[in-house]
$ cat protein20.cif   # mmCIF, C-alpha atoms
data_protein
#
loop_
_atom_site.group_PDB
_atom_site.id
_atom_site.type_symbol
_atom_site.label_atom_id
_atom_site.label_comp_id
_atom_site.auth_asym_id
_atom_site.auth_seq_id
_atom_site.Cartn_x
_atom_site.Cartn_y
_atom_site.Cartn_z
ATOM 1 C CA MET A 1 30.341 26.578 0.817
ATOM 2 C CA ASN A 2 28.320 23.578 1.973
ATOM 3 C CA ASN A 3 26.980 20.771 -0.189
ATOM 4 C CA LYS A 4 23.436 22.122 -0.087
ATOM 5 C CA GLU A 5 24.538 25.431 -1.630
ATOM 6 C CA GLU A 6 26.532 23.616 -4.288
ATOM 7 C CA TYR A 7 23.569 21.370 -5.055
ATOM 8 C CA MET A 8 21.296 24.411 -5.422
ATOM 9 C CA HIS A 9 23.715 26.047 -7.896
ATOM 10 C CA ILE A 10 24.012 22.802 -9.864
ATOM 11 C CA HIS A 11 20.232 22.455 -9.942
ATOM 12 C CA SER A 12 19.849 26.067 -11.099
ATOM 13 C CA TYR A 13 22.509 25.529 -13.783
ATOM 14 C CA TYR A 14 20.695 22.449 -15.062
ATOM 15 C CA ILE A 15 17.281 24.193 -15.153
ATOM 16 C CA LEU A 16 18.715 27.205 -16.993
ATOM 17 C CA SER A 17 20.596 24.977 -19.432
ATOM 18 C CA SER A 18 17.317 23.171 -20.216
ATOM 19 C CA LYS A 19 15.523 26.497 -20.715
ATOM 20 C CA VAL A 20 18.231 27.677 -23.122
ATOM 21 C CA GLU A 21 17.889 24.447 -25.141
ATOM 22 C CA GLU A 22 14.094 24.751 -25.143
ATOM 23 C CA GLU A 23 14.065 28.413 -26.255
ATOM 24 C CA GLN A 24 16.653 27.679 -28.955
ATOM 25 C CA GLY A 25 14.464 24.839 -30.247
ATOM 26 C CA ILE A 26 11.415 27.137 -30.359
ATOM 27 C CA ILE A 27 13.396 29.855 -32.157
ATOM 28 C CA ASP A 28 14.674 27.335 -34.706
ATOM 29 C CA PHE A 29 11.125 26.094 -35.337
ATOM 30 C CA LEU A 30 9.613 29.603 -35.599
ATOM 31 C CA THR A 31 12.398 30.684 -37.952
ATOM 32 C CA LYS A 32 11.718 27.640 -40.117
ATOM 33 C CA ILE A 33 8.031 28.532 -40.488
ATOM 34 C CA GLY A 34 8.723 32.265 -40.864
ATOM 35 C CA SER A 35 7.194 33.458 -37.557
ATOM 36 C CA ASP A 36 8.346 36.237 -35.246
ATOM 37 C CA THR A 37 11.002 35.119 -32.741
ATOM 38 C CA SER A 38 11.622 38.414 -30.887
ATOM 39 C CA LYS A 39 9.863 37.369 -27.656
ATOM 40 C CA HIS A 40 11.794 34.094 -27.573
ATOM 41 C CA ASN A 41 15.056 35.824 -28.462
ATOM 42 C CA GLU A 42 14.633 38.035 -25.379
ATOM 43 C CA ARG A 43 13.921 35.011 -23.178
ATOM 44 C CA LEU A 44 16.899 33.150 -24.620
ATOM 45 C CA GLU A 45 19.176 36.107 -23.919
ATOM 46 C CA GLU A 46 17.886 36.358 -20.336
ATOM 47 C CA HIS A 47 18.360 32.609 -19.708
ATOM 48 C CA GLN A 48 21.833 32.667 -21.263
ATOM 49 C CA TYR A 49 22.861 35.576 -19.040
ATOM 50 C CA LYS A 50 21.740 33.752 -15.882
ATOM 51 C CA LEU A 51 23.281 30.495 -17.118
ATOM 52 C CA ASN A 52 26.622 32.238 -17.645
ATOM 53 C CA GLU A 53 26.489 33.555 -14.075
ATOM 54 C CA GLU A 54 25.884 30.039 -12.720
ATOM 55 C CA ARG A 55 28.577 28.636 -15.032
ATOM 56 C CA GLU A 56 31.154 31.110 -13.700
ATOM 57 C CA TYR A 57 30.177 30.331 -10.126
ATOM 58 C CA LEU A 58 30.543 26.570 -10.627
ATOM 59 C CA ILE A 59 33.806 26.880 -12.553
ATOM 60 C CA ASN A 60 35.316 28.906 -9.714
ATOM 61 C CA LEU A 61 34.583 26.290 -7.063
ATOM 62 C CA LYS A 62 37.885 24.968 -5.768
ATOM 63 C CA SER A 63 36.579 21.514 -4.938
ATOM 64 C CA SER A 64 33.264 19.987 -5.778
ATOM 65 C CA LEU A 65 32.099 17.004 -3.765
ATOM 66 C CA ASP A 66 28.857 16.881 -5.745
ATOM 67 C CA THR A 67 30.753 16.686 -9.031
ATOM 68 C CA VAL A 68 33.015 13.896 -7.774
ATOM 69 C CA THR A 69 30.011 11.929 -6.490
ATOM 70 C CA ARG A 70 28.095 12.342 -9.741
ATOM 71 C CA TYR A 71 31.119 11.273 -11.790
ATOM 72 C CA GLN A 72 31.552 8.127 -9.674
ATOM 73 C CA ASN A 73 27.823 7.409 -9.909
ATOM 74 C CA LEU A 74 28.010 7.778 -13.697
ATOM 75 C CA LEU A 75 30.530 4.950 -13.885
ATOM 76 C CA THR A 76 28.319 2.819 -11.619
ATOM 77 C CA VAL A 77 25.208 3.406 -13.761
ATOM 78 C CA LEU A 78 27.058 2.675 -17.008
ATOM 79 C CA ASN A 79 28.380 -0.589 -15.557
ATOM 80 C CA ILE A 80 24.910 -1.598 -14.350
ATOM 81 C CA LEU A 81 23.376 -0.813 -17.745
ATOM 82 C CA ASN A 82 26.100 -2.692 -19.582
ATOM 83 C CA GLU A 83 25.650 -5.765 -17.372
ATOM 84 C CA SER A 84 21.847 -5.582 -17.513
ATOM 85 C CA ILE A 85 21.332 -5.253 -21.249
ATOM 86 C CA VAL A 86 21.569 -8.902 -22.176
ATOM 87 C CA TYR A 87 19.583 -11.618 -23.832
ATOM 88 C CA GLY A 88 16.764 -12.694 -21.564
ATOM 89 C CA ARG A 89 15.775 -16.231 -20.804
ATOM 90 C CA TYR A 90 15.499 -18.458 -23.848
ATOM 91 C CA GLY A 91 16.959 -15.824 -26.187
ATOM 92 C CA THR A 92 14.447 -13.025 -25.660
ATOM 93 C CA LEU A 93 15.523 -9.411 -26.138
ATOM 94 C CA PRO A 94 14.371 -6.141 -24.569
ATOM 95 C CA LEU A 95 11.427 -4.653 -26.440
ATOM 96 C CA ARG A 96 12.210 -1.478 -28.356
ATOM 97 C CA ASN A 97 9.060 0.273 -27.126
ATOM 98 C CA GLN A 98 8.938 -1.517 -23.742
ATOM 99 C CA GLY A 99 5.259 -2.324 -24.264
ATOM 100 C CA LEU A 100 4.300 1.321 -24.811
ATOM 101 C CA SER A 101 3.374 3.198 -27.976
ATOM 102 C CA ILE A 102 6.592 5.243 -27.742
ATOM 103 C CA PRO A 103 9.120 4.141 -30.381
ATOM 104 C CA ASN A 104 12.621 3.489 -29.033
ATOM 105 C CA TYR A 105 11.471 3.898 -25.416
ATOM 106 C CA PHE A 106 14.186 1.394 -24.466
ATOM 107 C CA TYR A 107 16.780 4.090 -25.196
ATOM 108 C CA THR A 108 14.750 6.689 -23.306
ATOM 109 C CA LEU A 109 15.069 4.514 -20.191
ATOM 110 C CA ILE A 110 18.837 4.295 -20.690
ATOM 111 C CA LEU A 111 19.095 8.067 -21.062
ATOM 112 C CA ARG A 112 16.885 8.580 -18.008
ATOM 113 C CA ASP A 113 19.168 6.431 -15.862
ATOM 114 C CA ILE A 114 22.230 8.329 -17.072
ATOM 115 C CA GLU A 115 20.454 11.678 -16.731
ATOM 116 C CA SER A 116 19.509 10.995 -13.108
ATOM 117 C CA VAL A 117 23.183 10.989 -12.154
ATOM 118 C CA PHE A 118 23.795 14.425 -13.625
ATOM 119 C CA ILE A 119 20.612 16.066 -12.432
ATOM 120 C CA TYR A 120 19.717 14.565 -9.086
ATOM 121 C CA GLU A 121 22.910 12.860 -7.918
ATOM 122 C CA TYR A 122 21.175 9.530 -7.384
ATOM 123 C CA LEU A 123 21.295 6.185 -9.124
ATOM 124 C CA SER A 124 18.349 4.970 -11.159
ATOM 125 C CA TYR A 125 17.972 1.411 -12.425
ATOM 126 C CA SER A 126 15.333 1.089 -15.118
ATOM 127 C CA SER A 127 17.230 -1.862 -16.546
ATOM 128 C CA SER A 128 15.845 -4.237 -13.923
ATOM 129 C CA TYR A 129 12.375 -3.449 -15.277
ATOM 130 C CA PHE A 130 13.047 -3.981 -18.994
ATOM 131 C CA THR A 131 10.319 -5.873 -20.817
ATOM 132 C CA TYR A 132 11.607 -8.770 -22.945
ATOM 133 C CA SER A 133 10.047 -10.592 -25.873
ATOM 134 C CA TYR A 134 10.785 -13.125 -28.601
ATOM 135 C CA GLU A 135 9.221 -10.643 -31.029
ATOM 136 C CA SER A 136 11.764 -7.900 -30.288
ATOM 137 C CA ASP A 137 13.644 -6.506 -33.293
ATOM 138 C CA LEU A 138 16.145 -4.675 -31.070
ATOM 139 C CA ASP A 139 19.849 -5.195 -31.766
ATOM 140 C CA ILE A 140 21.603 -4.724 -28.412
ATOM 141 C CA ALA A 141 25.145 -4.969 -29.865
ATOM 142 C CA PRO A 142 25.520 -1.233 -30.754
ATOM 143 C CA ILE A 143 24.424 0.053 -27.326
ATOM 144 C CA LYS A 144 26.535 -2.579 -25.545
ATOM 145 C CA LYS A 145 29.543 -1.465 -27.598
ATOM 146 C CA LEU A 146 28.919 2.199 -26.762
ATOM 147 C CA LEU A 147 28.469 1.499 -23.043
ATOM 148 C CA ALA A 148 31.762 -0.452 -22.974
ATOM 149 C CA GLU A 149 33.511 2.453 -24.729
ATOM 150 C CA LEU A 150 32.067 4.991 -22.283
ATOM 151 C CA ILE A 151 33.086 2.900 -19.275
ATOM 152 C CA HIS A 152 36.642 2.643 -20.575
ATOM 153 C CA GLU A 153 36.836 6.365 -21.382
ATOM 154 C CA ILE A 154 35.585 7.370 -17.942
ATOM 155 C CA LYS A 155 38.011 5.042 -16.182
ATOM 156 C CA VAL A 156 41.050 6.459 -18.000
ATOM 157 C CA ARG A 157 40.138 10.141 -18.224
ATOM 158 C CA GLU A 158 40.849 12.731 -15.572
ATOM 159 C CA GLN A 159 37.883 13.535 -13.360
ATOM 160 C CA PRO A 160 36.098 16.779 -14.222
ATOM 161 C CA SER A 161 37.196 19.543 -11.878
ATOM 162 C CA ASN A 162 33.760 21.167 -11.744
ATOM 163 C CA TYR A 163 30.139 20.576 -12.673
ATOM 164 C CA VAL A 164 30.383 22.565 -15.914
ATOM 165 C CA GLU A 165 32.983 20.109 -17.242
ATOM 166 C CA LEU A 166 30.755 17.255 -16.106
ATOM 167 C CA ASP A 167 27.800 18.796 -17.933
ATOM 168 C CA ILE A 168 29.822 18.935 -21.159
ATOM 169 C CA LEU A 169 30.518 15.206 -20.727
ATOM 170 C CA HIS A 170 26.802 14.640 -20.044
ATOM 171 C CA LYS A 171 25.777 16.317 -23.304
ATOM 172 C CA GLN A 172 28.365 14.309 -25.242
ATOM 173 C CA ILE A 173 27.080 11.032 -23.762
ATOM 174 C CA ARG A 174 23.470 11.974 -24.440
ATOM 175 C CA LYS A 175 24.301 12.701 -28.085
ATOM 176 C CA ARG A 176 26.234 9.459 -28.508
ATOM 177 C CA VAL A 177 23.402 7.359 -27.043
ATOM 178 C CA SER A 178 20.862 9.196 -29.225
ATOM 179 C CA ASP A 179 23.013 8.627 -32.313
ATOM 180 C CA VAL A 180 23.248 4.888 -31.551
ATOM 181 C CA ALA A 181 19.473 4.719 -30.984
ATOM 182 C CA GLU A 182 18.735 6.428 -34.294
ATOM 183 C CA ALA A 183 21.227 4.347 -36.291
ATOM 184 C CA GLU A 184 20.020 1.098 -34.722
ATOM 185 C CA LEU A 185 16.369 1.959 -35.478
ATOM 186 C CA ILE A 186 17.173 2.776 -39.117
ATOM 187 C CA ALA A 187 19.119 -0.486 -39.475
ATOM 188 C CA SER A 188 16.170 -2.401 -38.010
ATOM 189 C CA GLN A 189 13.699 -0.691 -40.361
ATOM 190 C CA ASN A 190 15.933 -1.481 -43.345
ATOM 191 C CA LYS A 191 16.025 -5.155 -42.307
ATOM 192 C CA GLN A 192 12.232 -5.209 -42.069
ATOM 193 C CA LYS A 193 11.940 -3.670 -45.550
ATOM 194 C CA ALA A 194 14.399 -6.187 -46.967
ATOM 195 C CA LYS A 195 12.376 -9.065 -45.458
ATOM 196 C CA GLY A 196 9.168 -7.670 -46.976
ATOM 197 C CA GLN A 197 10.598 -7.585 -50.492
#

$ encode --input "protein20.cif" --output "structure tokens"
Amino acid sequence: MNNKEEYMHIHSYYILSSKVEEEQGIIDFLTKIGSDTSKHNERLEEHQYKLNEEREYLINLKSSLDTVTRYQNLLTVLNILNESIVYGRYGTLPLRNQGLSIPNYFYTLILRDIESVFIYEYLSYSSSYFTYSYESDLDIAPIKKLLAELIHEIKVREQPSNYVELDILHKQIRKRVSDVAEAELIASQNKQKAKGQ
């Protein structure tokens, strides 16, 4: 099989995985409000069936150049992020919302850079465009610590043998970054409350 075929299967796997997550989220919401979920249950079942077919196909690949490349690119992106997230000139810090009205958008940019490796096999560098300010309440220590941990773990672990294993790693990283973002935001809000008292 050539790289283009492998890429197409990886792309299909990613799209189906996203659809499964989306349908599951809709079902959870509809269940919570007591609405009918039958139409979404059917869609979820259909997406899961197709996803399982793609999963089996990717697991059975003997060697996966795309997976190896993406894994190497992941390490590169994590290193770039870790080196880029620093105090700016004169002690400024990256803005949490990056000048937008989206709370914690700083972390969205980090996730987008990491995500690009898994989805599109290219490197993305949002970090060179971070907006800094003296007014920033962002604590960069937790994300720096996590990035250092991830870099170490990836260096010492065995490379995934197929894209499905890489996708499991991707979901774990996404959750860990999201957890750090949420905890850091709560800590910042608690500091603000304490100052206001």

$ closest_residue --input "protein20.cif" --among "A:Gln192, A:Ser38, A:Glu182, A:Lys19" --to "A:Pro103" --atoms "all atoms listed in the file"
A:Glu182

$ axis_aligned_box --input "protein20.cif" --around "stretch 170-180 of chain A" --padding-each-side "6 Å" --output "AutoDock Vina command-line options"
--center_x 24.6 --center_y 10.6 --center_z -26.2 --size_x 19.5 --size_y 23.4 --size_z 24.3

$ closest_residue --input "protein20.cif" --among "A:Leu109, A:Ile119, A:Ile27, A:Leu93" --to "A:Tyr134" --atoms "all atoms listed in the file"
A:Leu93

$ atom_distance --input "protein20.cif" --atom1 "atom CA of A:Glu158" --atom2 "atom CA of A:Glu21"
27.5 Å

$ resolve_selection --input "protein20.cif" --expression "the PyMOL selection byres ((chain A and resi 51) around 9)" --output "list in words"
Ser12, Tyr13, Tyr14, Ile15, Leu16, Ser17, Val20, Glu46, His47, Gln48, Tyr49, Lys50, Asn52, Glu53, Glu54, Arg55 and Glu56 of chain A

$ atom_distance --input "protein20.cif" --atom1 "atom CA of A:Lys39" --atom2 "atom CA of A:Ile10"
27.0 Å

$ atom_distance --input "protein20.cif" --atom1 "atom CA of A:Leu61" --atom2 "atom CA of A:Tyr120"
19.0 Å

$ resolve_selection --input "protein20.cif" --expression "the PyMOL selection byres ((chain A and resi 163-168) around 10)" --output "PyMOL selection string"
chain A and resi 6+9-10+13-14+17+54-59+61+64-68+70-71+118-119+159-162+169-174

$ write_last_selection --input "protein20.cif" --atoms "C-alpha atoms" --output "PDB file, keeping the file's coordinate frame"
ATOM      1  CA  GLU A   6      26.532  23.616  -4.288  1.00  0.00           C
ATOM      2  CA  HIS A   9      23.715  26.047  -7.896  1.00  0.00           C
ATOM      3  CA  ILE A  10      24.012  22.802  -9.864  1.00  0.00           C
ATOM      4  CA  TYR A  13      22.509  25.529 -13.783  1.00  0.00           C
ATOM      5  CA  TYR A  14      20.695  22.449 -15.062  1.00  0.00           C
ATOM      6  CA  SER A  17      20.596  24.977 -19.432  1.00  0.00           C
ATOM      7  CA  GLU A  54      25.884  30.039 -12.720  1.00  0.00           C
ATOM      8  CA  ARG A  55      28.577  28.636 -15.032  1.00  0.00           C
ATOM      9  CA  GLU A  56      31.154  31.110 -13.700  1.00  0.00           C
ATOM     10  CA  TYR A  57      30.177  30.331 -10.126  1.00  0.00           C
ATOM     11  CA  LEU A  58      30.543  26.570 -10.627  1.00  0.00           C
ATOM     12  CA  ILE A  59      33.806  26.880 -12.553  1.00  0.00           C
ATOM     13  CA  LEU A  61      34.583  26.290  -7.063  1.00  0.00           C
ATOM     14  CA  SER A  64      33.264  19.987  -5.778  1.00  0.00           C
ATOM     15  CA  LEU A  65      32.099  17.004  -3.765  1.00  0.00           C
ATOM     16  CA  ASP A  66      28.857  16.881  -5.745  1.00  0.00           C
ATOM     17  CA  THR A  67      30.753  16.686  -9.031  1.00  0.00           C
ATOM     18  CA  VAL A  68      33.015  13.896  -7.774  1.00  0.00           C
ATOM     19  CA  ARG A  70      28.095  12.342  -9.741  1.00  0.00           C
ATOM     20  CA  TYR A  71      31.119  11.273 -11.790  1.00  0.00           C
ATOM     21  CA  PHE A 118      23.795  14.425 -13.625  1.00  0.00           C
ATOM     22  CA  ILE A 119      20.612  16.066 -12.432  1.00  0.00           C
ATOM     23  CA  GLN A 159      37.883  13.535 -13.360  1.00  0.00           C
ATOM     24  CA  PRO A 160      36.098  16.779 -14.222  1.00  0.00           C
ATOM     25  CA  SER A 161      37.196  19.543 -11.878  1.00  0.00           C
ATOM     26  CA  ASN A 162      33.760  21.167 -11.744  1.00  0.00           C
ATOM     27  CA  LEU A 169      30.518  15.206 -20.727  1.00  0.00           C
ATOM     28  CA  HIS A 170      26.802  14.640 -20.044  1.00  0.00           C
ATOM     29  CA  LYS A 171      25.777  16.317 -23.304  1.00  0.00           C
ATOM     30  CA  GLN A 172      28.365  14.309 -25.242  1.00  0.00           C
ATOM     31  CA  ILE A 173      27.080  11.032 -23.762  1.00  0.00           C
ATOM     32  CA  ARG A 174      23.470  11.974 -24.440  1.00  0.00           C
TER      33      ARG A 174
END

$ residues_near_point --input "protein20.cif" --point "(24.3, -5.0, -24.8)" --cutoff "8 Å" --atoms "only C-alpha atoms" --output "PyMOL selection string"
chain A and resi 82-86+140-145+147

$ residues_around --input "protein20.cif" --residues "A:Leu146" --least-positions-apart "4" --cutoff "9 Å" --atoms "all atoms listed in the file" --output "number ranges by chain"
A: 141-142, 150-151, 176-177, 180

$ closest_residue --input "protein20.cif" --among "A:Met8, A:Leu30, A:Leu78, A:Leu185" --to "A:Glu153" --atoms "only C-alpha atoms"
A:Leu78

$ closest_residue --input "protein20.cif" --among "A:Asp36, A:Ile154, A:Glu42, A:Glu184" --to "A:Asn79" --atoms "only C-alpha atoms"
A:Ile154

$ residues_around --input "protein20.cif" --residues "A:His40" --least-positions-apart "5" --cutoff "9 Å" --atoms "all atoms listed in the file" --output "PyMOL selection string"
chain A and resi 23-24+26-27+45

$ closest_residue --input "protein20.cif" --among "A:Gln189, A:Thr108, A:Glu135, A:Thr69" --to "A:Leu95" --atoms "only C-alpha atoms"
A:Glu135

$ decode --input "protein20.cif" --residues "stretch 44-57 of chain A" --atoms "N, CA, C and O atoms" --output "mmCIF file, in the first residue's frame"
data_model
loop_
_atom_site.group_PDB
_atom_site.id
_atom_site.type_symbol
_atom_site.label_atom_id
_atom_site.label_comp_id
_atom_site.auth_asym_id
_atom_site.auth_seq_id
_atom_site.Cartn_x
_atom_site.Cartn_y
_atom_site.Cartn_z
ATOM 1 N N LEU A 44 -24.913 6.821 15.513
ATOM 2 C CA LEU A 44 -23.744 6.423 16.305
ATOM 3 C C LEU A 44 -23.337 4.996 15.964
ATOM 4 O O LEU A 44 -22.153 4.708 15.757
ATOM 5 N N GLU A 45 -24.327 4.116 15.883
ATOM 6 C CA GLU A 45 -24.042 2.712 15.556
ATOM 7 C C GLU A 45 -23.401 2.588 14.176
ATOM 8 O O GLU A 45 -22.437 1.838 13.986
ATOM 9 N N GLU A 46 -23.927 3.342 13.221
ATOM 10 C CA GLU A 46 -23.385 3.323 11.846
ATOM 11 C C GLU A 46 -21.938 3.842 11.823
ATOM 12 O O GLU A 46 -21.055 3.227 11.207
ATOM 13 N N HIS A 47 -21.682 4.956 12.515
ATOM 14 C CA HIS A 47 -20.323 5.512 12.561
ATOM 15 C C HIS A 47 -19.365 4.563 13.277
ATOM 16 O O HIS A 47 -18.217 4.391 12.851
ATOM 17 N N GLN A 48 -19.843 3.940 14.355
ATOM 18 C CA GLN A 48 -18.977 3.010 15.092
ATOM 19 C C GLN A 48 -18.616 1.788 14.244
ATOM 20 O O GLN A 48 -17.484 1.309 14.303
ATOM 21 N N TYR A 49 -19.574 1.319 13.463
ATOM 22 C CA TYR A 49 -19.312 0.175 12.580
ATOM 23 C C TYR A 49 -18.212 0.522 11.567
ATOM 24 O O TYR A 49 -17.247 -0.224 11.389
ATOM 25 N N LYS A 50 -18.360 1.671 10.917
ATOM 26 C CA LYS A 50 -17.360 2.100 9.926
ATOM 27 C C LYS A 50 -16.009 2.373 10.588
ATOM 28 O O LYS A 50 -14.960 2.060 10.038
ATOM 29 N N LEU A 51 -16.052 2.976 11.784
ATOM 30 C CA LEU A 51 -14.818 3.256 12.516
ATOM 31 C C LEU A 51 -14.087 1.959 12.862
ATOM 32 O O LEU A 51 -12.862 1.868 12.730
ATOM 33 N N ASN A 52 -14.829 0.943 13.267
ATOM 34 C CA ASN A 52 -14.217 -0.346 13.582
ATOM 35 C C ASN A 52 -13.564 -0.973 12.356
ATOM 36 O O ASN A 52 -12.502 -1.589 12.462
ATOM 37 N N GLU A 53 -14.186 -0.798 11.190
ATOM 38 C CA GLU A 53 -13.584 -1.306 9.952
ATOM 39 C C GLU A 53 -12.255 -0.611 9.678
ATOM 40 O O GLU A 53 -11.254 -1.262 9.349
ATOM 41 N N GLU A 54 -12.237 0.716 9.809
ATOM 42 C CA GLU A 54 -10.999 1.478 9.587
ATOM 43 C C GLU A 54 -9.951 1.117 10.646
ATOM 44 O O GLU A 54 -8.769 0.995 10.327
ATOM 45 N N ARG A 55 -10.396 0.941 11.881
ATOM 46 C CA ARG A 55 -9.483 0.576 12.971
ATOM 47 C C ARG A 55 -8.789 -0.750 12.650
ATOM 48 O O ARG A 55 -7.570 -0.874 12.765
ATOM 49 N N GLU A 56 -9.575 -1.737 12.239
ATOM 50 C CA GLU A 56 -8.998 -3.052 11.902
ATOM 51 C C GLU A 56 -8.005 -2.933 10.758
ATOM 52 O O GLU A 56 -6.935 -3.551 10.774
ATOM 53 N N TYR A 57 -8.349 -2.146 9.770
ATOM 54 C CA TYR A 57 -7.472 -1.964 8.612
ATOM 55 C C TYR A 57 -6.133 -1.363 9.056
ATOM 56 O O TYR A 57 -5.063 -1.850 8.686
#
